[in-house]
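The data block below is structure-v9.txt; it holds compact mmCIF, C-alpha atoms.
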# COMPACT_ATOMS: atom_id res chain seq x y z
CA MET A 1 18.23 -93.61 -17.61
CA LYS A 2 16.08 -91.51 -19.97
CA THR A 3 16.43 -88.52 -17.63
CA LYS A 4 20.21 -88.89 -17.60
CA CYS A 5 20.28 -89.09 -21.39
CA LEU A 6 18.16 -85.96 -21.71
CA LEU A 7 20.43 -84.11 -19.30
CA LEU A 8 23.48 -85.23 -21.27
CA ILE A 9 21.92 -84.09 -24.53
CA CYS A 10 21.06 -80.70 -23.00
CA LEU A 11 24.61 -80.35 -21.68
CA VAL A 12 26.12 -81.18 -25.06
CA THR A 13 23.75 -78.68 -26.71
CA VAL A 14 24.78 -75.91 -24.30
CA LEU A 15 28.47 -76.66 -24.72
CA THR A 16 28.10 -76.75 -28.49
CA SER A 17 26.36 -73.38 -28.52
CA PHE A 18 29.20 -71.87 -26.51
CA ALA A 19 31.73 -73.44 -28.90
CA GLN A 20 30.16 -71.73 -31.90
CA GLU A 21 31.68 -68.30 -31.41
CA LEU A 22 33.12 -67.39 -34.79
CA ALA A 23 35.47 -64.67 -35.99
CA LEU A 24 35.27 -63.19 -39.46
CA ALA A 25 38.60 -63.50 -41.28
CA ASN A 26 40.06 -62.71 -44.69
CA ALA A 27 42.63 -64.98 -46.31
CA ASP A 28 43.80 -64.80 -49.92
CA GLY A 29 41.12 -62.24 -50.73
CA LYS A 30 38.18 -64.37 -49.56
CA PHE A 31 36.14 -64.16 -46.38
CA GLY A 32 35.36 -67.01 -44.01
CA TYR A 33 35.04 -67.68 -40.29
CA ILE A 34 37.37 -69.30 -37.78
CA ASN A 35 36.50 -70.93 -34.46
CA LYS A 36 38.37 -70.54 -31.19
CA THR A 37 40.79 -73.33 -32.04
CA GLY A 38 41.97 -71.21 -34.96
CA ASN A 39 40.57 -73.59 -37.56
CA TRP A 40 38.24 -72.62 -40.37
CA GLU A 41 34.67 -73.31 -39.32
CA ILE A 42 33.48 -71.81 -42.61
CA GLU A 43 36.09 -71.92 -45.34
CA PRO A 44 37.01 -68.58 -46.98
CA GLN A 45 34.74 -68.46 -50.00
CA PHE A 46 32.81 -65.17 -49.95
CA LYS A 47 33.67 -62.01 -51.83
CA VAL A 48 32.69 -59.98 -48.75
CA ALA A 49 31.08 -60.98 -45.47
CA LYS A 50 30.14 -59.43 -42.15
CA ASN A 51 29.95 -60.59 -38.56
CA PHE A 52 27.25 -62.92 -37.33
CA SER A 53 24.24 -61.42 -35.64
CA GLY A 54 22.63 -64.32 -33.88
CA ASP A 55 22.73 -67.28 -36.26
CA LEU A 56 22.85 -65.31 -39.51
CA ALA A 57 25.55 -63.28 -41.23
CA GLU A 58 25.48 -61.10 -44.33
CA ALA A 59 27.62 -62.30 -47.22
CA MET A 60 28.19 -61.36 -50.84
CA ASN A 61 28.66 -63.70 -53.77
CA ASP A 62 30.78 -63.13 -56.87
CA ASN A 63 27.85 -61.38 -58.57
CA LYS A 64 28.03 -58.67 -55.89
CA LYS A 65 24.64 -59.56 -54.47
CA TRP A 66 24.07 -59.87 -50.72
CA GLY A 67 22.32 -62.66 -48.86
CA TYR A 68 22.52 -64.39 -45.48
CA ILE A 69 24.36 -67.53 -44.38
CA ASN A 70 24.03 -69.72 -41.29
CA ARG A 71 26.85 -70.90 -39.03
CA LYS A 72 27.57 -73.77 -41.38
CA GLY A 73 28.20 -71.37 -44.24
CA GLU A 74 25.01 -72.36 -46.05
CA TRP A 75 22.87 -69.79 -47.82
CA VAL A 76 19.69 -69.37 -45.77
CA ILE A 77 18.58 -66.36 -47.80
CA GLU A 78 19.98 -66.47 -51.32
CA PRO A 79 22.10 -63.50 -52.46
CA GLN A 80 19.67 -61.18 -54.22
CA PHE A 81 19.95 -57.78 -52.52
CA ASP A 82 21.98 -54.69 -53.40
CA LYS A 83 22.61 -53.91 -49.73
CA THR A 84 21.73 -55.55 -46.43
CA LYS A 85 21.73 -54.80 -42.72
CA GLU A 86 22.20 -57.29 -39.90
CA PHE A 87 19.27 -59.10 -38.33
CA ASN A 88 18.05 -57.85 -34.99
CA SER A 89 14.84 -58.94 -33.28
CA GLY A 90 14.24 -61.31 -36.23
CA ILE A 91 14.04 -58.49 -38.80
CA ALA A 92 16.57 -56.96 -41.19
CA LEU A 93 16.62 -54.06 -43.63
CA VAL A 94 17.52 -54.82 -47.25
CA LEU A 95 17.88 -52.71 -50.39
CA ASN A 96 16.51 -53.96 -53.69
CA ASN A 97 15.87 -51.91 -56.81
CA LYS A 98 16.67 -48.71 -54.89
CA ASN A 99 13.99 -49.44 -52.26
CA TRP A 100 14.61 -50.36 -48.64
CA GLY A 101 12.32 -52.85 -46.92
CA TYR A 102 12.13 -55.27 -44.01
CA ILE A 103 12.49 -59.05 -44.28
CA ASN A 104 12.21 -61.89 -41.77
CA THR A 105 14.73 -64.70 -41.27
CA LYS A 106 13.12 -66.64 -44.13
CA GLY A 107 13.78 -63.78 -46.51
CA GLU A 108 10.09 -62.88 -46.75
CA PRO A 109 9.02 -59.22 -46.89
CA VAL A 110 7.37 -58.03 -43.67
CA LEU A 111 5.96 -54.77 -42.32
CA THR A 112 5.27 -53.62 -45.85
CA ASN A 113 2.62 -51.13 -44.74
CA ILE A 114 4.88 -49.04 -42.49
CA SER A 115 4.25 -45.39 -43.30
CA SER A 116 7.51 -44.11 -41.82
CA GLU A 117 9.27 -41.55 -44.01
CA LYS A 118 12.48 -43.50 -43.45
CA LEU A 119 13.07 -47.08 -42.34
CA TYR A 120 15.41 -47.73 -39.44
CA ASP A 121 17.10 -50.87 -38.11
CA PHE A 122 15.42 -52.78 -35.33
CA GLU A 123 17.28 -52.97 -32.07
CA ASN A 124 16.12 -54.82 -28.97
CA GLY A 125 12.61 -55.22 -30.37
CA TYR A 126 12.01 -51.65 -31.52
CA ALA A 127 12.79 -49.44 -34.51
CA ILE A 128 12.72 -45.67 -34.84
CA TYR A 129 9.60 -44.42 -36.61
CA ARG A 130 9.53 -41.06 -38.41
CA LYS A 131 6.42 -39.15 -39.43
CA ASP A 132 6.11 -35.49 -40.37
CA ASP A 133 8.61 -33.66 -38.16
CA GLY A 134 8.65 -36.14 -35.28
CA VAL A 135 10.11 -39.52 -34.34
CA GLY A 136 8.91 -42.32 -32.10
CA PHE A 137 9.13 -46.13 -32.13
CA ILE A 138 7.41 -49.15 -33.66
CA ASP A 139 7.58 -52.75 -32.43
CA THR A 140 8.29 -55.87 -34.50
CA ASN A 141 4.59 -56.09 -35.44
CA GLY A 142 4.77 -52.65 -37.02
CA LYS A 143 2.61 -51.15 -34.28
CA VAL A 144 3.41 -47.58 -33.25
CA VAL A 145 4.18 -48.02 -29.55
CA ILE A 146 5.57 -44.53 -28.93
CA GLU A 147 4.04 -41.71 -30.93
CA PRO A 148 6.42 -39.63 -33.08
CA LYS A 149 6.35 -36.60 -30.84
CA PHE A 150 10.09 -36.22 -30.29
CA LYS A 151 12.59 -34.16 -32.22
CA LYS A 152 15.25 -36.85 -31.99
CA VAL A 153 15.58 -40.30 -30.41
CA PHE A 154 18.23 -42.97 -30.00
CA ASN A 155 17.66 -46.72 -29.87
CA PHE A 156 16.76 -48.38 -26.59
CA GLU A 157 19.71 -49.46 -24.50
CA ASN A 158 19.34 -51.26 -21.19
CA GLY A 159 15.60 -50.62 -21.33
CA TYR A 160 15.69 -46.87 -21.94
CA ALA A 161 16.03 -44.53 -24.92
CA LYS A 162 17.47 -41.01 -25.08
CA VAL A 163 14.92 -38.55 -26.48
CA LEU A 164 15.03 -34.89 -27.43
CA GLU A 165 11.80 -33.00 -26.77
CA GLY A 166 11.90 -29.37 -27.73
CA GLU A 167 15.50 -28.54 -26.92
CA LYS A 168 15.84 -30.77 -23.85
CA TRP A 169 16.97 -34.36 -23.38
CA GLY A 170 15.57 -37.13 -21.22
CA LEU A 171 15.08 -40.91 -21.09
CA ILE A 172 11.93 -42.93 -21.72
CA ASP A 173 11.10 -46.60 -21.16
CA THR A 174 9.59 -48.91 -23.77
CA SER A 175 6.08 -47.82 -22.79
CA GLY A 176 6.93 -44.19 -23.41
CA ASN A 177 7.00 -43.27 -19.72
CA TYR A 178 9.63 -40.77 -18.66
CA PHE A 179 12.45 -42.33 -16.69
CA VAL A 180 14.32 -39.03 -16.80
CA LYS A 181 12.22 -35.97 -17.63
CA THR A 182 13.17 -34.00 -20.73
CA GLU A 183 14.67 -31.07 -18.88
CA TYR A 184 18.41 -31.53 -19.46
CA ASP A 185 20.85 -30.17 -22.01
CA GLY A 186 22.46 -33.60 -22.15
CA VAL A 187 21.97 -37.07 -20.67
CA SER A 188 23.86 -40.33 -20.92
CA ASN A 189 22.35 -43.72 -21.48
CA PHE A 190 21.39 -45.75 -18.43
CA TYR A 191 24.49 -47.76 -17.57
CA ASN A 192 24.90 -49.98 -14.53
CA GLY A 193 22.20 -48.05 -12.67
CA ASN A 194 23.67 -44.62 -13.40
CA VAL A 195 22.75 -41.61 -15.54
CA VAL A 196 25.00 -38.61 -16.19
CA ALA A 197 23.34 -35.30 -17.08
CA ASN A 198 23.99 -31.62 -17.44
CA LYS A 199 21.97 -28.45 -17.18
CA GLY A 200 23.89 -25.82 -19.08
CA GLU A 201 27.39 -25.80 -17.59
CA SER A 202 26.31 -27.71 -14.47
CA TYR A 203 27.22 -31.41 -14.64
CA GLY A 204 26.10 -34.13 -12.29
CA LEU A 205 24.30 -37.43 -11.77
CA ILE A 206 20.62 -38.26 -11.59
CA ILE A 207 20.15 -40.10 -8.30
CA ASN A 208 16.70 -41.33 -7.25
CA GLY A 209 15.17 -39.12 -9.94
CA GLU A 210 16.91 -35.97 -8.72
CA PHE A 211 19.76 -34.08 -10.33
CA LYS A 212 22.83 -33.92 -8.10
CA GLU A 213 25.29 -31.35 -9.34
CA ILE A 214 29.00 -31.99 -8.88
CA PRO A 215 30.39 -28.51 -8.22
CA GLY A 216 33.11 -27.51 -10.66
CA ALA A 217 32.69 -30.52 -12.93
CA GLU A 218 33.21 -29.59 -16.59
CA LYS A 219 32.46 -33.03 -18.03
CA ILE A 220 31.51 -36.47 -16.72
CA TRP A 221 31.95 -39.67 -18.70
CA ASP A 222 29.27 -42.36 -18.53
CA PHE A 223 29.34 -45.55 -16.42
CA SER A 224 29.30 -47.98 -19.35
CA VAL A 225 32.57 -49.69 -18.43
CA ASN A 226 32.45 -49.57 -14.64
CA GLY A 227 29.25 -49.33 -12.63
CA THR A 228 30.80 -48.06 -9.40
CA ASN A 229 32.88 -45.13 -10.64
CA THR A 230 33.78 -43.07 -13.67
CA TYR A 231 36.14 -40.26 -14.62
CA ALA A 232 35.29 -36.57 -14.70
CA LYS A 233 36.95 -33.27 -15.55
CA LYS A 234 37.41 -30.32 -13.23
CA ASN A 235 39.70 -27.32 -13.75
CA ASP A 236 40.79 -28.97 -17.00
CA LYS A 237 42.13 -32.02 -15.14
CA ILE A 238 40.72 -35.55 -14.88
CA GLY A 239 39.82 -37.39 -11.68
CA PHE A 240 37.31 -40.04 -10.63
CA ILE A 241 33.91 -39.91 -8.94
CA ASP A 242 31.78 -42.70 -7.47
CA SER A 243 28.13 -43.40 -8.27
CA GLU A 244 27.06 -40.98 -5.51
CA GLY A 245 28.97 -38.12 -7.10
CA ASN A 246 31.84 -38.05 -4.59
CA TRP A 247 35.39 -37.49 -5.76
CA ILE A 248 37.40 -40.63 -5.01
CA VAL A 249 40.49 -39.48 -6.95
CA GLU A 250 41.07 -35.76 -7.12
CA PRO A 251 41.35 -34.32 -10.66
CA GLN A 252 45.05 -34.09 -11.49
CA TYR A 253 45.49 -36.04 -14.73
CA ASP A 254 45.45 -35.00 -18.37
CA LYS A 255 43.60 -38.11 -19.57
CA ALA A 256 42.15 -41.21 -17.98
CA ARG A 257 40.41 -44.48 -18.76
CA ALA A 258 38.17 -46.70 -16.67
CA PHE A 259 38.97 -48.79 -13.62
CA ILE A 260 39.01 -52.53 -14.26
CA ASN A 261 40.24 -54.98 -11.61
CA GLY A 262 40.97 -51.98 -9.39
CA LEU A 263 43.41 -50.26 -11.76
CA ALA A 264 42.95 -47.37 -14.18
CA PRO A 265 45.35 -45.94 -16.79
CA VAL A 266 45.98 -42.20 -16.39
CA LEU A 267 48.10 -39.70 -18.30
CA LYS A 268 50.31 -37.13 -16.61
CA GLY A 269 52.24 -34.92 -18.97
CA LYS A 270 53.34 -37.24 -21.76
CA GLU A 271 53.45 -40.53 -19.85
CA TRP A 272 50.81 -43.07 -18.83
CA GLY A 273 50.74 -45.09 -15.64
CA TYR A 274 48.18 -46.91 -13.49
CA ILE A 275 46.53 -45.91 -10.22
CA ASN A 276 44.24 -47.71 -7.77
CA THR A 277 40.91 -46.41 -6.51
CA SER A 278 42.68 -44.61 -3.66
CA GLY A 279 44.65 -42.60 -6.19
CA GLU A 280 47.94 -44.33 -5.40
CA VAL A 281 50.33 -44.95 -8.30
CA VAL A 282 50.65 -48.73 -8.66
CA ILE A 283 52.45 -48.90 -12.03
CA PRO A 284 54.77 -45.92 -12.64
CA PHE A 285 54.30 -43.36 -15.39
CA GLN A 286 56.44 -44.72 -18.22
CA TYR A 287 54.26 -45.53 -21.25
CA ARG A 288 53.44 -43.60 -24.41
CA ASP A 289 49.91 -45.02 -24.25
CA ALA A 290 47.99 -47.46 -22.08
CA GLU A 291 44.66 -49.27 -22.19
CA ILE A 292 42.38 -50.63 -19.48
CA PHE A 293 43.01 -54.05 -17.97
CA SER A 294 40.98 -56.93 -19.29
CA GLU A 295 39.26 -59.54 -17.13
CA ASP A 296 42.19 -61.77 -18.09
CA GLY A 297 44.45 -59.54 -16.00
CA LEU A 298 46.48 -58.02 -18.84
CA ALA A 299 46.60 -54.52 -20.28
CA ALA A 300 47.93 -53.25 -23.61
CA ILE A 301 50.69 -50.66 -23.30
CA LYS A 302 52.85 -48.78 -25.79
CA VAL A 303 56.50 -48.25 -24.88
CA SER A 304 57.80 -47.05 -28.24
CA LYS A 305 55.88 -47.38 -31.50
CA LEU A 306 54.26 -50.76 -30.91
CA TRP A 307 52.12 -52.42 -28.26
CA GLY A 308 52.77 -55.15 -25.72
CA PHE A 309 50.96 -56.42 -22.65
CA ILE A 310 51.67 -56.11 -18.93
CA ASN A 311 50.21 -57.77 -15.84
CA ASP A 312 48.86 -55.91 -12.82
CA LYS A 313 52.36 -55.68 -11.35
CA GLY A 314 53.59 -53.80 -14.39
CA GLU A 315 55.64 -56.73 -15.65
CA MET A 316 55.89 -57.07 -19.44
CA VAL A 317 54.47 -60.51 -20.20
CA ILE A 318 54.06 -60.12 -23.98
CA GLU A 319 56.70 -58.24 -25.97
CA ASP A 320 55.78 -54.86 -27.44
CA LYS A 321 55.80 -55.75 -31.12
CA TYR A 322 52.17 -55.46 -32.20
CA ASP A 323 49.67 -52.98 -33.52
CA ILE A 324 46.24 -53.04 -31.92
CA THR A 325 42.96 -51.41 -32.81
CA ALA A 326 39.40 -51.42 -31.56
CA GLY A 327 37.75 -51.06 -34.93
CA GLY A 328 38.97 -54.09 -36.82
CA PHE A 329 38.79 -54.02 -40.59
CA SER A 330 35.02 -53.90 -40.85
CA ILE A 331 33.36 -50.53 -41.14
CA PHE A 332 30.26 -52.19 -39.70
CA GLN A 333 31.85 -52.84 -36.31
CA LYS A 334 31.45 -50.64 -33.30
CA ASN A 335 32.34 -50.73 -29.64
CA ASN A 336 35.03 -53.35 -30.08
CA GLN A 337 37.34 -53.84 -27.12
CA LYS A 338 41.12 -53.62 -27.37
CA GLY A 339 43.33 -56.20 -25.74
CA PHE A 340 42.28 -59.55 -24.32
CA TYR A 341 38.80 -60.95 -24.17
CA ASN A 342 38.11 -64.50 -23.00
CA GLY A 343 41.77 -65.41 -23.25
CA LEU A 344 42.49 -64.08 -26.74
CA ALA A 345 43.64 -60.76 -28.18
CA ARG A 346 43.49 -59.69 -31.81
CA VAL A 347 46.73 -57.99 -32.83
CA LYS A 348 48.57 -57.04 -36.00
CA ASP A 349 52.02 -58.51 -36.46
CA LYS A 350 53.69 -56.47 -39.21
CA LYS A 351 51.26 -56.91 -42.13
CA SER A 352 49.24 -59.85 -40.81
CA TRP A 353 46.49 -60.15 -38.23
CA VAL A 354 46.63 -62.91 -35.62
CA TYR A 355 45.04 -63.97 -32.38
CA ILE A 356 47.38 -64.49 -29.43
CA ASN A 357 46.72 -66.11 -26.05
CA THR A 358 47.85 -64.72 -22.69
CA LYS A 359 51.23 -66.42 -23.16
CA GLY A 360 51.77 -64.58 -26.43
CA GLU A 361 51.34 -67.72 -28.53
CA VAL A 362 49.70 -67.30 -31.93
CA LEU A 363 46.43 -69.20 -32.18
CA ASN A 364 47.00 -72.24 -34.39
CA ASN A 365 49.90 -70.37 -36.04
CA MET A 366 47.31 -68.85 -38.38
CA THR A 367 47.75 -65.42 -39.98
CA PHE A 368 45.14 -63.39 -41.83
CA GLU A 369 44.89 -60.37 -44.09
CA ASN A 370 42.08 -59.09 -41.88
CA LEU A 371 40.47 -60.40 -38.73
CA GLU A 372 37.47 -59.53 -36.58
CA LEU A 373 36.51 -60.27 -32.98
CA PHE A 374 34.71 -63.47 -32.04
CA LYS A 375 30.92 -63.23 -32.06

In structure tokens, how does this file's structure come out?
Amino acid sequence: MKTKCLLLICLVTVLTSFAQELALANADGKFGYINKTGNWEIEPQFKVAKNFSGDLAEAMNDNKKWGYINRKGEWVIEPQFDKTKEFNSGIALVLNNKNWGYINTKGEPVLTNISSEKLYDFENGYAIYRKDDGVGFIDTNGKVVIEPKFKKVFNFENGYAKVLEGEKWGLIDTSGNYFVKTEYDGVSNFYNGNVVANKGESYGLIINGEFKEIPGAEKIWDFSVNGTNTYAKKNDKIGFIDSEGNWIVEPQYDKARAFINGLAPVLKGKEWGYINTSGEVVIPFQYRDAEIFSEDGLAAIKVSKLWGFINDKGEMVIEDKYDITAGGFSIFQKNNQKGFYNGLARVKDKKSWVYINTKGEVLNNMTFENLELFK
């Protein structure tokens, strides 16, 4: 009986954690957070707020000071800072009295002896470290784990960081070992097992540590959306290559976006349509703009001035009467998807923001001045 009770408690805990996705929203000039039923989980009460990062979110009180709240809307770190950054790896950057410093999730100063000429946000357990004319990385203990020998670095993503050594780019792992040697004029991040690179005007993929040039390629996009193929440019036209560097759709389009669920939006002339991985036109060229399909099986398309949604047969299932955007209203957001995600899409209906489901129904009939994605 005790075992069954423990299992039930664990199940409830897991389900509760999944139910706690919240979306930042603005109503009547105040910021709060809604849940996926469309109800206020945290009533709009903050002058300004930002998205949750883990279990904490930055918020500002009426005195224009920033602090951090939990998912109940309670102040965990009282508003006292002039500026704040989101928590990552248990550490956040804050500005007080014109000085930036690190704090932990209790609001206590940490890593106060870092000698970096500039402090950078932590990401995935590491922060950029600058000394003299070079940059490297420190860990969450403040230890220099990669000496500042590089001219430029980017944060670690999927276990690897882009680094510029001399005038050449490569990738290193978290121990500082070279995953891709610094001998390229450009490299992509490591996405879904693939790296795109170029040497001068020669573009290709790095396969098993070796550069494979794709003859004639003028540009290759990374594999961040689809791990099996991506789009590339040749003779000023766009086609698709697979992860071995073979052309699977000959370059003939003016623009393209990624394959999802076997379909990709492509532009020919002034009209968008959708093709399959064999290059066959599945949904005719007829749209002013078109986005990739979501896992929910719908794609945003623009027929006239506004956006609607079609299914994979090209049937309009949600009327084209909305504005859509990837960026949301927060300048702090990046890499936000357009269209549907987990059954909901954020759209703008005239002057108000709403969430709609795959039937086009407005979530809880709630409208907002501004609205972010669920986190």

Skip Asn35 of chain A itself and residues of its chain fewer than 4 positions away, then list as a PyMOL selection string all residues within 7 Å of it, counting all atoms listed in the file.
chain A and resi 20-23+39-41

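Distance check against Ile34 of chain A using only C-alpha atoms: of A:Ala264, A:Asn51, A:Tyr178, A:Ile248, the minimum falls on A:Asn51.
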
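Put simply, atom CA of Ile310 of chain A is 22.6 Å away from atom CA of Tyr231 of chain A.
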
Would you mind telling me which residue in A:Lys219, A:Lys118, A:Lys30, A:Lys36 lies nearest to Leu344 of chain A when using all atoms listed in the file?
A:Lys36

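The closest residue to Gly360 of chain A, picked from A:Glu210, A:Glu319, A:Glu86, A:Asp62 and counting all atoms listed in the file, is A:Glu319.
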
Counting only C-alpha atoms, what is within 8 Å of Ile275 of chain A, bar same-chain residues fewer than 5 positions away, as a PDB file with C-alpha atoms, keeping the file's coordinate frame?
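Okay, this is what ended up in out-v8.pdb:
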ATOM      1  CA  LEU A 263      43.410 -50.260 -11.760  1.00  0.00           C
ATOM      2  CA  ALA A 264      42.950 -47.370 -14.180  1.00  0.00           C
ATOM      3  CA  PRO A 265      45.350 -45.940 -16.790  1.00  0.00           C
ATOM      4  CA  VAL A 266      45.980 -42.200 -16.390  1.00  0.00           C
ATOM      5  CA  GLU A 280      47.940 -44.330  -5.400  1.00  0.00           C
ATOM      6  CA  VAL A 281      50.330 -44.950  -8.300  1.00  0.00           C
ATOM      7  CA  VAL A 282      50.650 -48.730  -8.660  1.00  0.00           C
ATOM      8  CA  ILE A 283      52.450 -48.900 -12.030  1.00  0.00           C
TER       9      ILE A 283
END

Got a sec: who's within 12 Å of segment 289-297 of chain A, counting all atoms listed in the file, leaving out chain neighbours fewer than 4 positions off, as number ranges by chain?
A: 225-226, 255-275, 283-285, 301-315, 317, 320, 324-326, 337-345, 357-359

One-decimal distance in Å that lies between atom CA of Asn155 of chain A and atom CA of Val48 of chain A:
27.5 Å

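Coordinates place atom CA of Thr228 of chain A at a distance of 5.8 Å from atom CA of Asp242 of chain A.
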
Extract, using all atoms listed in the file, all DNA, RNA and protein residues at most 10 Å from Gly166 of chain A, discarding same-chain residues fewer than 5 positions from it, and format them as a ChimeraX atom specification.
/A:149-152,182-183

Near-Gly170 of chain A list (10 Å; all atoms listed in the file; drop same-chain fewer than 6 positions) as a ChimeraX atom specification
/A:153,160-164,178-189,197

Would you kindly place N, CA, C and O atoms on segment 335-353 of chain A and return the model as a PDB file, in the coordinates of the input?
ATOM      1  N   ASN A 335      32.162 -50.367 -31.043  1.00  0.00           N
ATOM      2  CA  ASN A 335      32.340 -50.730 -29.640  1.00  0.00           C
ATOM      3  C   ASN A 335      33.156 -52.000 -29.444  1.00  0.00           C
ATOM      4  O   ASN A 335      32.893 -52.809 -28.573  1.00  0.00           O
ATOM      5  N   ASN A 336      34.151 -52.202 -30.251  1.00  0.00           N
ATOM      6  CA  ASN A 336      35.030 -53.350 -30.080  1.00  0.00           C
ATOM      7  C   ASN A 336      36.078 -53.054 -29.024  1.00  0.00           C
ATOM      8  O   ASN A 336      36.672 -51.982 -28.991  1.00  0.00           O
ATOM      9  N   GLN A 337      36.343 -54.036 -28.162  1.00  0.00           N
ATOM     10  CA  GLN A 337      37.340 -53.840 -27.120  1.00  0.00           C
ATOM     11  C   GLN A 337      38.737 -54.074 -27.660  1.00  0.00           C
ATOM     12  O   GLN A 337      38.945 -54.837 -28.585  1.00  0.00           O
ATOM     13  N   LYS A 338      39.716 -53.371 -27.069  1.00  0.00           N
ATOM     14  CA  LYS A 338      41.120 -53.620 -27.370  1.00  0.00           C
ATOM     15  C   LYS A 338      41.636 -54.634 -26.346  1.00  0.00           C
ATOM     16  O   LYS A 338      41.090 -54.785 -25.269  1.00  0.00           O
ATOM     17  N   GLY A 339      42.715 -55.294 -26.698  1.00  0.00           N
ATOM     18  CA  GLY A 339      43.330 -56.200 -25.740  1.00  0.00           C
ATOM     19  C   GLY A 339      42.633 -57.544 -25.659  1.00  0.00           C
ATOM     20  O   GLY A 339      41.984 -57.990 -26.597  1.00  0.00           O
ATOM     21  N   PHE A 340      42.764 -58.184 -24.499  1.00  0.00           N
ATOM     22  CA  PHE A 340      42.280 -59.550 -24.320  1.00  0.00           C
ATOM     23  C   PHE A 340      40.806 -59.616 -23.970  1.00  0.00           C
ATOM     24  O   PHE A 340      40.285 -58.762 -23.252  1.00  0.00           O
ATOM     25  N   TYR A 341      40.185 -60.662 -24.494  1.00  0.00           N
ATOM     26  CA  TYR A 341      38.800 -60.950 -24.170  1.00  0.00           C
ATOM     27  C   TYR A 341      38.629 -62.463 -24.223  1.00  0.00           C
ATOM     28  O   TYR A 341      38.886 -63.086 -25.252  1.00  0.00           O
ATOM     29  N   ASN A 342      38.253 -63.036 -23.093  1.00  0.00           N
ATOM     30  CA  ASN A 342      38.110 -64.500 -23.000  1.00  0.00           C
ATOM     31  C   ASN A 342      39.375 -65.227 -23.452  1.00  0.00           C
ATOM     32  O   ASN A 342      39.329 -66.217 -24.178  1.00  0.00           O
ATOM     33  N   GLY A 343      40.517 -64.702 -23.031  1.00  0.00           N
ATOM     34  CA  GLY A 343      41.770 -65.410 -23.250  1.00  0.00           C
ATOM     35  C   GLY A 343      42.470 -65.155 -24.558  1.00  0.00           C
ATOM     36  O   GLY A 343      43.567 -65.685 -24.797  1.00  0.00           O
ATOM     37  N   LEU A 344      41.879 -64.345 -25.442  1.00  0.00           N
ATOM     38  CA  LEU A 344      42.490 -64.080 -26.740  1.00  0.00           C
ATOM     39  C   LEU A 344      42.506 -62.588 -27.040  1.00  0.00           C
ATOM     40  O   LEU A 344      41.595 -61.859 -26.650  1.00  0.00           O
ATOM     41  N   ALA A 345      43.550 -62.154 -27.742  1.00  0.00           N
ATOM     42  CA  ALA A 345      43.640 -60.760 -28.180  1.00  0.00           C
ATOM     43  C   ALA A 345      43.933 -60.738 -29.670  1.00  0.00           C
ATOM     44  O   ALA A 345      44.774 -61.493 -30.167  1.00  0.00           O
ATOM     45  N   ARG A 346      43.244 -59.874 -30.380  1.00  0.00           N
ATOM     46  CA  ARG A 346      43.490 -59.690 -31.810  1.00  0.00           C
ATOM     47  C   ARG A 346      44.543 -58.596 -31.981  1.00  0.00           C
ATOM     48  O   ARG A 346      44.381 -57.477 -31.500  1.00  0.00           O
ATOM     49  N   VAL A 347      45.632 -58.939 -32.651  1.00  0.00           N
ATOM     50  CA  VAL A 347      46.730 -57.990 -32.830  1.00  0.00           C
ATOM     51  C   VAL A 347      47.246 -58.082 -34.264  1.00  0.00           C
ATOM     52  O   VAL A 347      47.013 -59.066 -34.966  1.00  0.00           O
ATOM     53  N   LYS A 348      47.965 -57.055 -34.667  1.00  0.00           N
ATOM     54  CA  LYS A 348      48.570 -57.040 -36.000  1.00  0.00           C
ATOM     55  C   LYS A 348      50.074 -57.189 -35.860  1.00  0.00           C
ATOM     56  O   LYS A 348      50.733 -56.381 -35.198  1.00  0.00           O
ATOM     57  N   ASP A 349      50.594 -58.229 -36.474  1.00  0.00           N
ATOM     58  CA  ASP A 349      52.020 -58.510 -36.460  1.00  0.00           C
ATOM     59  C   ASP A 349      52.579 -58.176 -37.833  1.00  0.00           C
ATOM     60  O   ASP A 349      52.417 -58.936 -38.788  1.00  0.00           O
ATOM     61  N   LYS A 350      53.211 -57.004 -37.936  1.00  0.00           N
ATOM     62  CA  LYS A 350      53.690 -56.470 -39.210  1.00  0.00           C
ATOM     63  C   LYS A 350      52.505 -56.279 -40.158  1.00  0.00           C
ATOM     64  O   LYS A 350      51.669 -55.432 -39.933  1.00  0.00           O
ATOM     65  N   LYS A 351      52.349 -57.112 -41.170  1.00  0.00           N
ATOM     66  CA  LYS A 351      51.260 -56.910 -42.130  1.00  0.00           C
ATOM     67  C   LYS A 351      50.136 -57.922 -41.961  1.00  0.00           C
ATOM     68  O   LYS A 351      49.163 -57.894 -42.730  1.00  0.00           O
ATOM     69  N   SER A 352      50.248 -58.803 -40.989  1.00  0.00           N
ATOM     70  CA  SER A 352      49.240 -59.850 -40.810  1.00  0.00           C
ATOM     71  C   SER A 352      48.536 -59.726 -39.473  1.00  0.00           C
ATOM     72  O   SER A 352      49.131 -59.286 -38.478  1.00  0.00           O
ATOM     73  N   TRP A 353      47.268 -60.124 -39.464  1.00  0.00           N
ATOM     74  CA  TRP A 353      46.490 -60.150 -38.230  1.00  0.00           C
ATOM     75  C   TRP A 353      46.504 -61.553 -37.648  1.00  0.00           C
ATOM     76  O   TRP A 353      46.424 -62.549 -38.372  1.00  0.00           O
TER      77      TRP A 353
END
